[in-house]
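*Asks:* Let me begin by handing over the structure; questions about it come next.
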Amino acid sequence: METLRKSFNYEVAFSDHIIGGTTAILSAALGATIIEKYFTQRKKLKAPYRLCSLKPSELKNMITAIRLAL
């Protein structure tokens with residue numbers, strides 16, 4: 001993250017398609033200032049990204065963890 005930011009002098013974003021929110025939290029701690037994460041009201045829907053989507057409560061927990069990590 002730091003190498004990208006220094007090399008290009010831009011904010012670094014992270015697009016998270018991993019199950020859970022750990023990688024988004026770690027990327028923020030490493031310097032990502034923009035996080036993209038799917039969220040859903042119901043994981044049982046047959047949406048393409050349902051497995052890596054967070055429910056609203058999980059998204060809230062991820063945001064809290066990111067704020068603590070900073």
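Residue numbers start at 1 in each chain; chains themselves are named A, B, ... in the order of the structure tokens; ligands are numbered from 1 in the order shown.
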I need the residues in chain A that are strand (DSSP E) according to DSSP; give them as a list in words.
*Replies:*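 Taking chain A and keeping strand (DSSP E) only, one gets Ala13, Phe14, Ser15, Asp16, Ile34, Ile35, Glu36 and Lys37 of chain A.
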*Asks:* Near Ala69 (chain A), within 7 Å and counting only C-alpha atoms, which residues show up once chain neighbours fewer than 3 positions away are dropped, as a list of chain:residue names?
*Replies:*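 What passes the distance filter is A:Ala29, A:Ala65, A:Ile66.
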*Asks:* Report, in Å to a single decimal, how far apart CA of Ile35 (chain A) and CA of Leu4 (chain A) are.
*Replies:*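 Taking CA of Leu4 (chain A) as the start and CA of Ile35 (chain A) as the end point, the length is 15.3 Å.
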*Asks:* Residues at most 10 Å from region 48-63 of chain A, counting only C-alpha atoms, excluding those fewer than 6 positions away in the same chain, as a PyMOL selection string?
*Replies:* chain A and resi 16-22+24-25+35+37-42+69
*Asks:* Please save N, CA and C atoms of the selected residues as a tab-separated table (two decimals), in the first residue's frame.
*Replies:*
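This is the output file part-v1.tsv:
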chain	number	residue	atom	x	y	z
A	16	ASP	N	-12.40	-5.50	-1.87
A	16	ASP	CA	-12.37	-6.74	-1.11
A	16	ASP	C	-13.44	-7.71	-1.58
A	17	HIS	N	-13.01	-8.84	-2.13
A	17	HIS	CA	-13.93	-9.90	-2.57
A	17	HIS	C	-13.66	-11.18	-1.79
A	18	ILE	N	-13.18	-11.04	-0.57
A	18	ILE	CA	-12.85	-12.17	0.29
A	18	ILE	C	-13.94	-12.32	1.35
A	19	ILE	N	-14.23	-13.54	1.77
A	19	ILE	CA	-15.22	-13.78	2.82
A	19	ILE	C	-14.72	-13.17	4.12
A	20	GLY	N	-15.58	-12.43	4.80
A	20	GLY	CA	-15.22	-11.77	6.04
A	20	GLY	C	-14.66	-10.38	5.78
A	21	GLY	N	-14.27	-9.71	6.85
A	21	GLY	CA	-13.79	-8.35	6.70
A	21	GLY	C	-12.33	-8.15	7.08
A	22	THR	N	-11.63	-9.24	7.38
A	22	THR	CA	-10.26	-9.13	7.87
A	22	THR	C	-9.33	-8.45	6.88
A	24	ALA	N	-9.99	-6.31	4.55
A	24	ALA	CA	-10.30	-4.88	4.46
A	24	ALA	C	-9.73	-4.13	5.65
A	25	ILE	N	-9.83	-4.71	6.83
A	25	ILE	CA	-9.29	-4.10	8.04
A	25	ILE	C	-7.77	-3.97	7.92
A	35	ILE	N	-12.21	1.70	0.84
A	35	ILE	CA	-12.49	0.27	0.92
A	35	ILE	C	-13.78	-0.02	0.18
A	37	LYS	N	-16.50	-2.97	-0.32
A	37	LYS	CA	-16.92	-4.26	0.23
A	37	LYS	C	-18.40	-4.42	-0.06
A	38	TYR	N	-18.79	-5.57	-0.56
A	38	TYR	CA	-20.20	-5.85	-0.81
A	38	TYR	C	-20.93	-6.08	0.50
A	39	PHE	N	-22.18	-5.65	0.55
A	39	PHE	CA	-23.00	-6.00	1.70
A	39	PHE	C	-24.39	-6.37	1.20
A	40	THR	N	-25.12	-7.12	2.03
A	40	THR	CA	-26.43	-7.63	1.64
A	40	THR	C	-27.34	-7.68	2.86
A	41	GLN	N	-28.60	-7.64	2.61
A	41	GLN	CA	-29.58	-7.80	3.68
A	41	GLN	C	-29.81	-9.29	3.97
A	42	ARG	N	-29.68	-10.12	2.92
A	42	ARG	CA	-29.92	-11.56	3.07
A	42	ARG	C	-28.89	-12.36	2.28
A	69	ALA	N	-8.18	0.23	14.15
A	69	ALA	CA	-6.88	-0.10	13.58
A	69	ALA	C	-6.09	1.15	13.17
*Asks:* To one decimal in Å, tell me the separation between CA of Met1 (chain A) and CA of Ala32 (chain A).
*Replies:*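 Rounded to one decimal, the two atoms are 6.5 Å apart.
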*Asks:* In Å to one decimal, how far is CA of Thr64 (chain A) from CA of Arg5 (chain A)?
*Replies:*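 Between CA of Arg5 (chain A) and CA of Thr64 (chain A) the gap is 23.9 Å.
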*Asks:* Give the helix (DSSP H, G or I) residues of chain A, as DSSP finds them on the backbone, and put them as a ChimeraX atom specification.
*Replies:* /A:2-8,22-29,56-69
*Asks:* For those residues, write N, CA and C atoms to a file as a short mmCIF file (atom, residue, chain, number, x, y, z; two decimals), in the first residue's frame.
*Replies:*
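Contents of result.cif, freshly written:
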data_model
loop_
_atom_site.label_atom_id
_atom_site.label_comp_id
_atom_site.auth_asym_id
_atom_site.auth_seq_id
_atom_site.Cartn_x
_atom_site.Cartn_y
_atom_site.Cartn_z
N GLU A 2 1.85 1.24 0.88
CA GLU A 2 2.72 2.41 0.99
C GLU A 2 3.52 2.63 -0.29
N THR A 3 3.98 1.55 -0.90
CA THR A 3 4.74 1.66 -2.16
C THR A 3 3.87 2.26 -3.25
N LEU A 4 2.62 1.81 -3.36
CA LEU A 4 1.72 2.37 -4.37
C LEU A 4 1.45 3.85 -4.12
N ARG A 5 1.18 4.20 -2.88
CA ARG A 5 0.89 5.59 -2.54
C ARG A 5 2.07 6.48 -2.86
N LYS A 6 3.27 6.05 -2.48
CA LYS A 6 4.46 6.86 -2.73
C LYS A 6 4.82 6.91 -4.21
N SER A 7 4.66 5.80 -4.91
CA SER A 7 5.02 5.74 -6.33
C SER A 7 4.13 6.60 -7.20
N PHE A 8 2.85 6.64 -6.89
CA PHE A 8 1.91 7.33 -7.75
C PHE A 8 1.31 8.59 -7.14
N THR A 22 -11.63 -9.24 7.38
CA THR A 22 -10.26 -9.13 7.87
C THR A 22 -9.33 -8.45 6.88
N THR A 23 -9.41 -8.81 5.60
CA THR A 23 -8.49 -8.22 4.63
C THR A 23 -8.75 -6.73 4.45
N ALA A 24 -9.99 -6.31 4.55
CA ALA A 24 -10.30 -4.88 4.46
C ALA A 24 -9.73 -4.13 5.65
N ILE A 25 -9.83 -4.71 6.83
CA ILE A 25 -9.29 -4.10 8.04
C ILE A 25 -7.77 -3.97 7.92
N LEU A 26 -7.12 -5.04 7.49
CA LEU A 26 -5.67 -5.01 7.34
C LEU A 26 -5.22 -4.02 6.27
N SER A 27 -5.96 -3.94 5.17
CA SER A 27 -5.58 -3.01 4.11
C SER A 27 -5.69 -1.56 4.60
N ALA A 28 -6.71 -1.27 5.40
CA ALA A 28 -6.84 0.07 5.96
C ALA A 28 -5.69 0.36 6.91
N ALA A 29 -5.32 -0.62 7.71
CA ALA A 29 -4.20 -0.44 8.64
C ALA A 29 -2.88 -0.22 7.88
N PRO A 56 -25.51 -6.14 7.36
CA PRO A 56 -25.32 -4.81 7.96
C PRO A 56 -24.58 -4.83 9.30
N SER A 57 -24.89 -5.77 10.17
CA SER A 57 -24.20 -5.83 11.46
C SER A 57 -22.73 -6.17 11.29
N GLU A 58 -22.41 -7.04 10.32
CA GLU A 58 -21.02 -7.39 10.05
C GLU A 58 -20.26 -6.20 9.45
N LEU A 59 -20.94 -5.44 8.60
CA LEU A 59 -20.34 -4.25 8.01
C LEU A 59 -20.03 -3.21 9.09
N LYS A 60 -20.97 -3.05 10.01
CA LYS A 60 -20.76 -2.12 11.13
C LYS A 60 -19.54 -2.55 11.96
N ASN A 61 -19.42 -3.84 12.23
CA ASN A 61 -18.28 -4.36 12.99
C ASN A 61 -16.97 -4.15 12.24
N MET A 62 -16.99 -4.32 10.93
CA MET A 62 -15.80 -4.11 10.12
C MET A 62 -15.36 -2.65 10.16
N ILE A 63 -16.33 -1.75 10.04
CA ILE A 63 -16.02 -0.31 10.09
C ILE A 63 -15.45 0.07 11.45
N THR A 64 -16.03 -0.47 12.51
CA THR A 64 -15.52 -0.20 13.86
C THR A 64 -14.09 -0.71 13.99
N ALA A 65 -13.82 -1.90 13.48
CA ALA A 65 -12.47 -2.47 13.55
C ALA A 65 -11.47 -1.64 12.75
N ILE A 66 -11.89 -1.14 11.59
CA ILE A 66 -11.01 -0.29 10.78
C ILE A 66 -10.68 0.98 11.55
N ARG A 67 -11.66 1.58 12.16
CA ARG A 67 -11.42 2.81 12.94
C ARG A 67 -10.48 2.55 14.12
N LEU A 68 -10.61 1.40 14.74
CA LEU A 68 -9.70 1.04 15.85
C LEU A 68 -8.28 0.78 15.34
N ALA A 69 -8.18 0.23 14.15
CA ALA A 69 -6.88 -0.10 13.58
C ALA A 69 -6.09 1.15 13.17
#
*Asks:* Could you tell me which of A:Gly31, A:Ala47, A:Glu36, A:Tyr10 comes closest to Leu70 (chain A) if we count only C-alpha atoms?
*Replies:*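 Comparing A:Gly31, A:Ala47, A:Glu36, A:Tyr10 against Leu70 (chain A), the winner is A:Gly31.
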